[in-house]
>>> print(open('target.cif').read())   # mmCIF, C-alpha atoms and all ligand atoms
data_target
loop_
_atom_site.label_atom_id
_atom_site.label_comp_id
_atom_site.auth_asym_id
_atom_site.auth_seq_id
_atom_site.Cartn_x
_atom_site.Cartn_y
_atom_site.Cartn_z
CA MET A 1 20.90 2.64 -21.09
CA SER A 2 17.87 3.68 -19.13
CA THR A 3 16.82 2.08 -15.84
CA PRO A 4 14.79 0.57 -14.39
CA ARG A 5 14.52 -1.90 -17.23
CA VAL A 6 13.76 -5.55 -17.66
CA GLU A 7 15.89 -7.47 -20.15
CA ILE A 8 13.86 -10.20 -21.80
CA ASN A 9 15.67 -13.04 -23.54
CA LEU A 10 13.08 -14.19 -26.09
CA ASN A 11 15.23 -17.08 -27.25
CA LYS A 12 15.34 -18.58 -23.74
CA ILE A 13 11.56 -18.24 -23.44
CA GLN A 14 11.12 -20.00 -26.79
CA LYS A 15 13.52 -22.77 -25.68
CA ASN A 16 11.60 -23.26 -22.42
CA SER A 17 8.33 -23.42 -24.32
CA GLN A 18 9.75 -25.90 -26.82
CA TYR A 19 11.30 -28.12 -24.12
CA LEU A 20 8.02 -28.40 -22.21
CA VAL A 21 5.90 -28.84 -25.36
CA GLN A 22 8.09 -31.72 -26.54
CA LYS A 23 8.39 -33.39 -23.14
CA LEU A 24 4.63 -33.25 -22.61
CA LYS A 25 3.79 -34.35 -26.16
CA ILE A 26 5.49 -37.69 -25.45
CA LYS A 27 3.02 -38.09 -22.60
CA GLY A 28 0.05 -37.22 -24.80
CA ILE A 29 -0.38 -33.75 -23.33
CA ASN A 30 -0.90 -30.50 -25.24
CA THR A 31 0.62 -27.31 -23.85
CA ILE A 32 -1.21 -24.00 -23.57
CA GLY A 33 1.07 -21.00 -22.94
CA VAL A 34 -0.25 -18.63 -20.26
CA THR A 35 0.62 -14.97 -20.87
CA LYS A 36 -1.02 -13.24 -17.91
CA ALA A 37 2.20 -12.68 -15.93
CA VAL A 38 3.60 -10.66 -18.84
CA CYS A 39 0.34 -8.77 -19.56
CA GLY A 40 0.00 -10.47 -22.94
CA ASP A 41 3.26 -8.95 -24.18
CA PRO A 42 3.10 -9.78 -27.92
CA ALA A 43 6.85 -10.39 -28.42
CA ILE A 44 6.85 -12.88 -25.54
CA ALA A 45 3.61 -14.47 -26.77
CA LEU A 46 5.25 -15.01 -30.18
CA ALA A 47 8.30 -16.64 -28.56
CA ILE A 48 5.98 -19.01 -26.66
CA ILE A 49 4.09 -19.79 -29.89
CA ALA A 50 7.39 -20.46 -31.68
CA GLY A 51 8.05 -23.14 -29.04
CA GLY A 52 5.10 -25.08 -30.46
CA VAL A 53 2.26 -24.57 -27.98
CA THR A 54 -1.27 -25.56 -29.00
CA GLY A 55 -2.62 -22.14 -28.02
CA LEU A 56 -2.36 -19.24 -25.58
CA ALA A 57 -4.39 -18.36 -22.51
CA ASP A 58 -4.79 -15.24 -20.41
CA SER A 59 -6.96 -14.11 -17.52
CA ARG A 60 -7.56 -10.50 -18.65
CA ILE A 61 -9.36 -9.37 -21.76
CA GLU A 62 -7.09 -6.31 -22.10
CA ASN A 63 -4.12 -8.66 -22.54
CA VAL A 64 -6.00 -10.72 -25.12
CA ILE A 65 -6.92 -7.61 -27.09
CA ARG A 66 -3.29 -6.45 -26.94
CA MET A 67 -2.19 -9.74 -28.54
CA ARG A 68 -4.96 -9.63 -31.14
CA GLU A 69 -4.04 -6.05 -32.06
CA ALA A 70 -0.44 -7.19 -32.53
CA GLY A 71 -1.71 -9.68 -35.12
CA ILE A 72 -1.59 -12.88 -33.09
CA ILE A 73 -4.11 -15.31 -34.57
CA SER A 74 -3.46 -18.42 -32.43
CA ASP A 75 -6.28 -19.79 -30.31
CA ILE A 76 -6.58 -17.76 -27.11
CA THR A 77 -8.51 -19.04 -24.11
CA MET A 78 -9.92 -16.79 -21.39
CA ILE A 79 -8.94 -18.72 -18.27
CA ARG A 80 -10.74 -16.52 -15.76
CA THR A 81 -14.51 -16.90 -15.59
CA PRO A 82 -15.74 -14.09 -17.85
CA MET A 83 -17.14 -10.93 -16.26
CA SER A 84 -20.75 -10.29 -17.21
CA SER A 85 -19.70 -6.81 -18.30
CA GLN A 86 -17.15 -8.20 -20.80
CA ILE A 87 -19.20 -10.83 -22.64
CA GLN A 88 -19.03 -9.06 -26.02
CA LEU A 89 -15.25 -8.65 -25.85
CA ILE A 90 -14.78 -12.30 -24.85
CA VAL A 91 -16.85 -13.60 -27.76
CA ASP A 92 -15.03 -11.25 -30.16
CA SER A 93 -11.44 -12.04 -29.13
CA CYS A 94 -11.32 -15.45 -27.43
CA ASN A 95 -11.81 -18.84 -29.11
CA PHE A 96 -12.49 -20.49 -25.76
CA SER A 97 -13.36 -19.46 -22.24
CA TYR A 98 -13.35 -21.29 -18.92
CA ASN A 99 -16.69 -21.17 -17.17
CA THR A 100 -18.45 -22.07 -13.95
CA GLU A 101 -21.66 -19.97 -13.98
CA ILE A 102 -24.78 -20.81 -16.01
CA SER A 103 -25.87 -17.17 -16.29
CA VAL A 104 -22.52 -16.22 -17.82
CA ILE A 105 -22.68 -19.15 -20.24
CA GLU A 106 -26.18 -18.08 -21.29
CA ALA A 107 -24.96 -14.56 -21.92
CA LEU A 108 -22.00 -15.86 -23.96
CA ALA A 109 -24.41 -18.03 -25.97
CA CYS A 110 -26.79 -15.16 -26.63
CA THR A 111 -24.00 -12.86 -27.80
CA ALA A 112 -22.39 -15.58 -29.93
CA LEU A 113 -25.70 -16.30 -31.67
CA LYS A 114 -26.24 -12.61 -32.42
CA LYS A 115 -22.81 -12.54 -34.04
CA GLY A 116 -23.46 -15.77 -35.94
CA LYS A 117 -20.75 -17.58 -33.96
CA ILE A 118 -20.40 -20.59 -31.70
CA HIS A 119 -18.41 -19.90 -28.52
CA ASN A 120 -16.36 -22.78 -27.12
CA ILE A 121 -16.20 -23.34 -23.39
CA VAL A 122 -14.35 -25.54 -20.94
CA LEU A 123 -16.17 -26.23 -17.67
CA MET A 124 -13.99 -25.92 -14.59
CA VAL A 125 -14.48 -28.45 -11.82
CA GLU A 126 -13.72 -27.72 -8.17
CA MET A 127 -11.02 -30.21 -7.13
CA GLY A 128 -9.98 -28.69 -3.81
CA ASP A 129 -8.14 -25.49 -4.69
CA LEU A 130 -11.33 -23.66 -3.66
CA ARG A 131 -10.91 -20.99 -6.29
CA GLU A 132 -13.02 -21.41 -9.46
CA GLY A 133 -14.92 -24.57 -10.24
CA ILE A 134 -18.32 -26.27 -10.34
CA MET A 135 -18.73 -28.71 -7.45
CA PRO A 136 -18.37 -32.29 -8.80
CA SER A 137 -21.83 -33.19 -7.52
CA ASP A 138 -23.36 -30.42 -9.67
CA LEU A 139 -21.44 -31.21 -12.83
CA GLU A 140 -23.80 -33.69 -14.44
CA ASN A 141 -26.74 -31.31 -14.08
CA ALA A 142 -24.65 -28.48 -15.50
CA PHE A 143 -23.78 -30.59 -18.56
CA LYS A 144 -27.44 -31.56 -19.03
CA ARG A 145 -28.48 -27.89 -19.12
CA ILE A 146 -25.57 -26.43 -21.05
CA VAL A 147 -25.46 -28.92 -23.94
CA GLN A 148 -28.95 -27.72 -24.86
CA ILE A 149 -27.98 -24.06 -25.12
CA PRO A 150 -27.50 -23.01 -28.77
CA GLY A 151 -24.45 -20.85 -29.52
CA ILE A 152 -22.29 -22.70 -26.99
CA ASN A 153 -20.12 -25.75 -27.46
CA ILE A 154 -18.68 -27.54 -24.42
CA LYS A 155 -15.21 -28.65 -25.52
CA GLY A 156 -13.92 -30.13 -22.32
CA ILE A 157 -13.41 -29.94 -18.61
CA GLY A 158 -10.58 -28.58 -16.53
CA ALA A 159 -9.38 -28.27 -12.98
CA ASN A 160 -7.09 -25.87 -11.25
CA PHE A 161 -4.66 -26.77 -8.50
CA ALA A 162 -2.31 -25.03 -6.12
CA CYS A 163 -3.28 -21.43 -6.89
CA LEU A 164 -5.11 -20.63 -3.68
CA ASN A 165 -4.26 -23.55 -1.40
CA LYS A 166 -0.66 -24.09 -2.60
CA ALA A 167 -1.21 -27.87 -2.65
CA PRO A 168 0.07 -29.52 -5.84
CA PRO A 169 -2.05 -32.34 -7.30
CA ASN A 170 -1.28 -35.95 -6.37
CA GLN A 171 -2.37 -39.34 -7.67
CA LYS A 172 -5.31 -39.48 -5.27
CA ILE A 173 -6.93 -36.21 -6.36
CA MET A 174 -6.14 -36.91 -10.02
CA SER A 175 -7.89 -40.28 -9.91
CA LEU A 176 -10.92 -38.59 -8.37
CA PHE A 177 -10.84 -36.14 -11.29
CA SER A 178 -10.59 -39.08 -13.66
CA ASN A 179 -13.60 -40.79 -12.07
CA ILE A 180 -15.64 -37.65 -12.60
CA ILE A 181 -14.62 -37.64 -16.26
CA ASP A 182 -15.50 -41.33 -16.68
CA LYS A 183 -19.02 -40.75 -15.38
CA LEU A 184 -19.62 -37.93 -17.86
CA LYS A 185 -17.92 -39.61 -20.80
CA ASN A 186 -20.68 -42.21 -21.18
CA GLN A 187 -23.13 -39.52 -22.14
CA TYR A 188 -21.07 -36.57 -23.26
CA GLU A 189 -17.99 -38.01 -24.96
CA ASP A 190 -18.03 -35.34 -27.69
CA ASN A 191 -18.00 -32.59 -25.07
CA ILE A 192 -14.96 -33.92 -23.25
CA ARG A 193 -12.23 -33.63 -25.86
CA ILE A 194 -10.10 -31.34 -23.69
CA ILE A 195 -9.15 -32.58 -20.24
CA SER A 196 -7.08 -29.81 -18.74
CA GLY A 197 -5.10 -30.92 -15.71
CA GLY A 198 -3.81 -27.71 -14.21
CA ASN A 199 -0.88 -25.29 -14.32
CA SER A 200 2.88 -25.43 -13.78
CA ALA A 201 2.29 -26.95 -10.34
CA SER A 202 1.03 -30.11 -12.08
CA LEU A 203 4.39 -30.74 -13.82
CA PRO A 204 6.05 -32.72 -11.00
CA TRP A 205 3.05 -35.06 -10.91
CA VAL A 206 3.00 -35.41 -14.71
CA PHE A 207 6.75 -36.10 -14.99
CA SER A 208 6.78 -38.64 -12.16
CA ASN A 209 3.71 -40.65 -13.23
CA ASN A 210 2.91 -42.96 -16.06
CA ASN A 211 -0.82 -43.10 -15.41
CA LEU A 212 -1.96 -39.58 -16.25
CA ASN A 213 -5.65 -40.26 -15.68
CA GLN A 214 -6.73 -39.06 -19.13
CA ILE A 215 -5.22 -35.58 -18.74
CA ASN A 216 -4.42 -34.26 -22.25
CA GLU A 217 -3.67 -30.58 -21.62
CA LEU A 218 -1.71 -28.37 -19.22
CA ARG A 219 -1.72 -24.58 -19.01
CA LEU A 220 1.78 -23.31 -18.32
CA GLY A 221 2.90 -19.81 -17.38
CA GLU A 222 5.57 -19.72 -14.69
CA SER A 223 7.47 -22.78 -15.92
CA ILE A 224 7.82 -21.37 -19.46
CA LEU A 225 8.69 -17.84 -18.32
CA LEU A 226 10.83 -18.43 -15.23
CA GLY A 227 11.73 -22.13 -15.45
CA SER A 228 10.61 -22.62 -11.86
CA ASP A 229 8.09 -24.69 -9.90
CA PRO A 230 5.39 -22.42 -8.43
CA ILE A 231 5.17 -24.32 -5.14
CA SER A 232 8.82 -24.75 -4.18
CA GLY A 233 10.28 -21.97 -6.31
CA ASN A 234 12.96 -24.48 -7.34
CA PRO A 235 14.32 -24.56 -10.90
CA ILE A 236 12.80 -27.19 -13.21
CA GLN A 237 15.50 -29.30 -14.85
CA GLY A 238 16.11 -28.53 -18.50
CA LEU A 239 14.71 -24.99 -18.36
CA TYR A 240 16.30 -21.54 -18.33
CA THR A 241 15.63 -19.61 -15.13
CA ASP A 242 17.23 -16.40 -16.37
CA ALA A 243 15.08 -15.30 -19.30
CA PHE A 244 14.20 -12.13 -17.37
CA THR A 245 16.61 -9.76 -15.58
CA LEU A 246 15.59 -6.60 -13.75
CA ILE A 247 18.13 -3.78 -13.76
CA SER A 248 18.14 -0.75 -11.50
CA GLU A 249 20.78 1.85 -10.64
CA VAL A 250 22.43 3.14 -7.50
CA ILE A 251 21.35 6.61 -6.39
CA GLU A 252 23.06 6.69 -2.98
CA SER A 253 26.07 4.84 -1.58
CA LYS A 254 27.14 5.48 2.04
CA ARG A 255 28.33 3.90 5.28
CA LYS A 256 25.37 3.89 7.65
CA PRO A 257 24.46 2.37 11.02
CA GLU A 258 22.92 -1.08 10.78
CA PHE A 259 19.19 -1.17 10.37
CA ILE A 260 17.54 -1.94 13.71
CA LYS A 261 14.34 -0.69 15.29
CA THR A 262 15.52 2.11 17.52
CA SER A 263 15.10 5.81 17.88
CA SER A 264 16.44 8.10 15.19
CA ALA A 265 18.38 9.93 17.89
CA LYS A 266 20.32 6.76 18.77
CA ILE A 267 21.05 6.08 15.12
CA ILE A 268 22.67 9.41 14.42
CA SER A 269 24.54 9.45 17.75
CA ASN A 270 27.13 7.31 16.03
CA TYR A 271 27.80 4.25 18.18
CA LEU A 272 26.00 1.50 16.23
CA LYS A 273 27.77 -1.01 13.94
CA LYS A 274 28.17 0.42 10.44
CA ASN A 275 27.41 -1.15 7.04
CA ASP A 276 28.01 -0.14 3.46
CA GLN A 277 24.59 0.62 2.11
CA VAL A 278 23.25 1.48 -1.31
CA ILE A 279 19.90 2.72 -2.49
CA LEU A 280 18.52 1.54 -5.84
CA ALA A 281 15.99 3.69 -7.69
CA ILE A 282 13.23 1.11 -7.74
CA GLY A 283 10.55 0.14 -5.24
CA ASN A 284 7.30 -1.57 -4.52
CA GLN A 285 5.53 0.59 -7.04
CA ASP A 286 7.55 -1.10 -9.81
CA THR A 287 7.89 -4.62 -8.44
CA ASP A 288 7.58 -6.86 -5.39
CA ALA A 289 10.89 -5.87 -3.82
CA ASN A 290 10.78 -8.57 -1.13
CA SER A 291 10.98 -11.37 -3.66
CA LEU A 292 13.89 -10.14 -5.79
CA VAL A 293 17.11 -12.13 -5.88
CA PHE A 294 20.26 -10.00 -5.62
CA PRO A 295 23.82 -10.73 -6.72
CA ASN A 296 26.24 -12.28 -4.21
CA GLY A 297 27.39 -9.77 -1.65
CA PHE A 298 24.09 -7.86 -1.55
CA THR A 299 21.51 -8.27 1.20
CA PHE A 300 18.04 -6.84 1.19
CA VAL A 301 17.34 -4.36 3.99
CA GLY A 302 13.98 -2.95 2.97
CA ALA A 303 11.99 -1.16 0.32
CA THR A 304 9.45 1.61 0.07
CA SER A 305 7.42 2.67 -2.96
CA ASP A 306 10.42 4.10 -4.86
CA HIS A 307 13.59 3.15 -2.90
CA LEU A 308 15.26 -0.20 -2.38
CA VAL A 309 17.92 -0.40 0.34
CA LEU A 310 20.67 -3.02 0.24
CA ASN A 311 23.68 -3.79 2.40
CA VAL A 312 26.82 -4.40 0.40
CA SER A 313 29.84 -6.45 1.43
CA ASN A 314 33.32 -6.11 -0.09
CA LEU A 315 32.07 -4.06 -3.00
CA LYS A 316 32.28 -0.45 -3.86
CA LEU A 317 29.38 0.60 -6.01
CA SER A 318 29.52 4.06 -7.50
CA ILE A 319 26.56 6.29 -8.07
CA GLY A 320 24.91 5.33 -11.37
CA ALA A 321 26.22 1.73 -11.26
CA GLU A 322 23.74 -0.90 -12.40
CA CYS A 323 22.53 -3.78 -10.24
CA ARG A 324 21.08 -6.88 -11.93
CA MET A 325 18.37 -8.85 -10.14
CA LYS A 326 16.39 -12.04 -10.70
CA MET A 327 12.66 -12.11 -10.19
CA ASP A 328 10.05 -14.57 -9.01
CA TYR A 329 6.49 -14.71 -10.35
CA ASN A 330 5.17 -11.82 -8.22
CA SER A 331 8.02 -9.45 -8.94
CA LEU A 332 7.91 -10.32 -12.68
CA MET A 333 4.16 -9.73 -12.85
CA LYS A 334 4.46 -6.24 -11.36
CA VAL A 335 7.48 -5.29 -13.46
CA MET A 336 5.69 -6.29 -16.67
CA ASN A 337 2.68 -4.25 -15.59
CA SER A 338 4.73 -1.14 -14.73
CA PRO A 339 4.85 1.62 -17.34
CA THR A 340 8.02 3.02 -15.73
CA VAL A 341 10.08 -0.16 -16.24
CA GLU A 342 11.46 -0.23 -19.78
CA LYS A 343 11.08 -3.55 -21.62
CA LYS A 344 14.23 -4.45 -23.54
CA TYR A 345 14.05 -7.52 -25.78
CA LEU A 346 17.26 -9.45 -26.42
C1 LIG A 401 -2.52 -18.53 -14.02
C2 LIG A 401 -3.22 -19.76 -14.43
C3 LIG A 401 -2.49 -20.79 -15.04
C4 LIG A 401 -0.98 -20.75 -15.23
O1 LIG A 401 -0.35 -20.94 -13.97
P1 LIG A 401 1.26 -21.08 -13.86
O2 LIG A 401 1.49 -21.46 -12.44
O3 LIG A 401 1.82 -19.75 -14.20
O4 LIG A 401 1.67 -22.13 -14.81
C5 LIG A 401 -3.20 -21.91 -15.47
N1 LIG A 401 -4.53 -21.99 -15.31
C6 LIG A 401 -5.27 -21.02 -14.72
C7 LIG A 401 -6.74 -21.19 -14.58
C8 LIG A 401 -4.63 -19.87 -14.26
O5 LIG A 401 -5.36 -18.91 -13.68
#
>>> encode(input="target.cif", output="structure tokens")
Amino acid sequence: MSTPRVEINLNKIQKNSQYLVQKLKIKGINTIGVTKAVCGDPAIALAIIAGGVTGLADSRIENVIRMREAGIISDITMIRTPMSSQIQLIVDSCNFSYNTEISVIEALACTALKKGKIHNIVLMVEMGDLREGIMPSDLENAFKRIVQIPGINIKGIGANFACLNKAPPNQKIMSLFSNIIDKLKNQYEDNIRIISGGNSASLPWVFSNNNLNQINELRLGESILLGSDPISGNPIQGLYTDAFTLISEVIESKRKPEFIKTSSAKIISNYLKKNDQVILAIGNQDTDANSLVFPNGFTFVGATSDHLVLNVSNLKLSIGAECRMKMDYNSLMKVMNSPTVEKKYL
């Protein structure tokens, strides 16, 4: 079989999706499956849909178009504020988009009207992650202006946590979010059907609280795909953490001096401690080599664009032998985006 390749267990992805959908449903929360880490891979998107999610979401229009071209008709939300240069594509392929800029919303409205459509939006509120979001103090004014724009329908509000600042939401910030919603609900109840409370980093808060402060939707990528918590990297109970496996092969296997910063002359003069070392034919051009998890007995030494060097204990690995590795979010994202890593669906 060819390497490098990523083996994708669609059944485990479906099971993860289903587990989270059912667990959140009990709490009154709908699940949106986020496909951006797998570049909108249609087979994976279908496995997530089969788990029962309410819809899909992605941050890149190319990924959305890829899913549409594969025949996926579920609701797809654009979760990155649309680029002004992509307004037409967004209105054509996305049922919803997340927004924070009036000029973009006006452009979406104008395009939707021309096409005889209504485009649905969710307004993002800044709740401390300091990535996208309208400042809470500006929200009421934004609602006042946007509800009057024909061609646009505000369907709800959302907040993002832990992407930039790595701080998961807690009860304090969630009750602030809830207060903001309460203020708006008096006047705009119909426009606040969706209350989207964050990504996989919100799961610990959701599972450990009974008062969910009106949150009725989460957008989940990493937890469905990798079964892990984005902040700690720890496995989430009940989920598979091995739906994806990266496989590369050995192209060199030799005893070499240990890797320390010293002159090349010293290294080849043959008095340093020696290690068994292998080189795998994969590198930072294919993945994020620093964040791979290797089998027992292998330790990461370093990686360049196309080579990954490992020390090996008690193992003889022949040339051409395969090495199986686990990935985190960053390494998965790059692998799925790499045309030189074969995708093999199990
Ligand atoms: C990426 C993203 C998500 C999904 O995050 P995960 O940590 O993968 O669950 C949710 N919402 C927004 C706005 C995102 O950009």
>>> atom_distance(input="target.cif", atom1="CA of Asp190 in chain A", atom2="CA of Asn209 in chain A")
26.6 Å
>>> closest_atom_pairs(input="target.cif", of="chain A", to="ligand LIG 401 (chain A)", cutoff="9 Å", atoms="only C-alpha atoms and all ligand atoms", output="CSV")
residue,atom,partner,partner_atom,distance
A:Ile32,CA,A:LIG401,C5,8.6
A:Gly33,CA,A:LIG401,C4,8.0
A:Val34,CA,A:LIG401,C4,5.5
A:Thr35,CA,A:LIG401,C4,8.2
A:Lys36,CA,A:LIG401,C1,6.7
A:Ala37,CA,A:LIG401,O3,7.3
A:Ala57,CA,A:LIG401,C5,8.0
A:Asp58,CA,A:LIG401,C1,7.5
A:Ser59,CA,A:LIG401,O5,6.4
A:Met78,CA,A:LIG401,C7,8.7
A:Ile79,CA,A:LIG401,C7,5.0
A:Arg80,CA,A:LIG401,O5,6.2
A:Thr81,CA,A:LIG401,C7,8.9
A:Tyr98,CA,A:LIG401,C7,7.9
A:Met124,CA,A:LIG401,C7,8.7
A:Glu132,CA,A:LIG401,C7,8.1
A:Gly158,CA,A:LIG401,C7,8.6
A:Ala159,CA,A:LIG401,C7,7.7
A:Asn160,CA,A:LIG401,C7,5.8
A:Phe161,CA,A:LIG401,N1,8.3
A:Ala162,CA,A:LIG401,O2,8.2
A:Cys163,CA,A:LIG401,O2,7.3
A:Ser196,CA,A:LIG401,N1,8.9
A:Gly197,CA,A:LIG401,N1,9.0
A:Gly198,CA,A:LIG401,N1,5.9
A:Asn199,CA,A:LIG401,O4,4.1
A:Ser200,CA,A:LIG401,O4,3.7
A:Ala201,CA,A:LIG401,O2,5.9
A:Ser202,CA,A:LIG401,O4,8.5
A:Leu218,CA,A:LIG401,C5,7.6
A:Arg219,CA,A:LIG401,C5,4.7
A:Leu220,CA,A:LIG401,O4,3.7
A:Gly221,CA,A:LIG401,O3,3.4
A:Glu222,CA,A:LIG401,O3,3.8
A:Ser223,CA,A:LIG401,O4,5.9
A:Ile224,CA,A:LIG401,O4,7.7
A:Leu225,CA,A:LIG401,O3,8.2
A:Asp229,CA,A:LIG401,O2,7.8
A:Pro230,CA,A:LIG401,O2,5.7
A:Ile231,CA,A:LIG401,O2,8.7
A:Tyr329,CA,A:LIG401,O3,7.9
>>> write_last_selection(input="target.cif", atoms="C-alpha atoms", output="mmCIF file, in the frame of the given file")
data_model
loop_
_atom_site.group_PDB
_atom_site.id
_atom_site.type_symbol
_atom_site.label_atom_id
_atom_site.label_comp_id
_atom_site.auth_asym_id
_atom_site.auth_seq_id
_atom_site.Cartn_x
_atom_site.Cartn_y
_atom_site.Cartn_z
ATOM 1 C CA ILE A 32 -1.210 -24.000 -23.570
ATOM 2 C CA GLY A 33 1.070 -21.000 -22.940
ATOM 3 C CA VAL A 34 -0.250 -18.630 -20.260
ATOM 4 C CA THR A 35 0.620 -14.970 -20.870
ATOM 5 C CA LYS A 36 -1.020 -13.240 -17.910
ATOM 6 C CA ALA A 37 2.200 -12.680 -15.930
ATOM 7 C CA ALA A 57 -4.390 -18.360 -22.510
ATOM 8 C CA ASP A 58 -4.790 -15.240 -20.410
ATOM 9 C CA SER A 59 -6.960 -14.110 -17.520
ATOM 10 C CA MET A 78 -9.920 -16.790 -21.390
ATOM 11 C CA ILE A 79 -8.940 -18.720 -18.270
ATOM 12 C CA ARG A 80 -10.740 -16.520 -15.760
ATOM 13 C CA THR A 81 -14.510 -16.900 -15.590
ATOM 14 C CA TYR A 98 -13.350 -21.290 -18.920
ATOM 15 C CA MET A 124 -13.990 -25.920 -14.590
ATOM 16 C CA GLU A 132 -13.020 -21.410 -9.460
ATOM 17 C CA GLY A 158 -10.580 -28.580 -16.530
ATOM 18 C CA ALA A 159 -9.380 -28.270 -12.980
ATOM 19 C CA ASN A 160 -7.090 -25.870 -11.250
ATOM 20 C CA PHE A 161 -4.660 -26.770 -8.500
ATOM 21 C CA ALA A 162 -2.310 -25.030 -6.120
ATOM 22 C CA CYS A 163 -3.280 -21.430 -6.890
ATOM 23 C CA SER A 196 -7.080 -29.810 -18.740
ATOM 24 C CA GLY A 197 -5.100 -30.920 -15.710
ATOM 25 C CA GLY A 198 -3.810 -27.710 -14.210
ATOM 26 C CA ASN A 199 -0.880 -25.290 -14.320
ATOM 27 C CA SER A 200 2.880 -25.430 -13.780
ATOM 28 C CA ALA A 201 2.290 -26.950 -10.340
ATOM 29 C CA SER A 202 1.030 -30.110 -12.080
ATOM 30 C CA LEU A 218 -1.710 -28.370 -19.220
ATOM 31 C CA ARG A 219 -1.720 -24.580 -19.010
ATOM 32 C CA LEU A 220 1.780 -23.310 -18.320
ATOM 33 C CA GLY A 221 2.900 -19.810 -17.380
ATOM 34 C CA GLU A 222 5.570 -19.720 -14.690
ATOM 35 C CA SER A 223 7.470 -22.780 -15.920
ATOM 36 C CA ILE A 224 7.820 -21.370 -19.460
ATOM 37 C CA LEU A 225 8.690 -17.840 -18.320
ATOM 38 C CA ASP A 229 8.090 -24.690 -9.900
ATOM 39 C CA PRO A 230 5.390 -22.420 -8.430
ATOM 40 C CA ILE A 231 5.170 -24.320 -5.140
ATOM 41 C CA TYR A 329 6.490 -14.710 -10.350
#
>>> residues_around(input="target.cif", residues="Gly227 in chain A", least_positions_apart="4", cutoff="12 Å", atoms="all atoms listed in the file", output="PyMOL selection string")
chain A and resi 12-17+19-20+200-201+203+220-223+232-244+327-329
>>> closest_residue(input="target.cif", among="A:Leu113, A:Ile194, A:Ile149, A:Ile8", to="Phe96 in chain A", atoms="all atoms listed in the file")
A:Ile194
>>> closest_residue(input="target.cif", among="A:Thr54, A:Ser93, A:Ser178, A:Ser84", to="Val125 in chain A", atoms="only C-alpha atoms")
A:Ser178
>>> atom_distance(input="target.cif", atom1="CA of Ala107 in chain A", atom2="CA of Phe177 in chain A")
27.9 Å
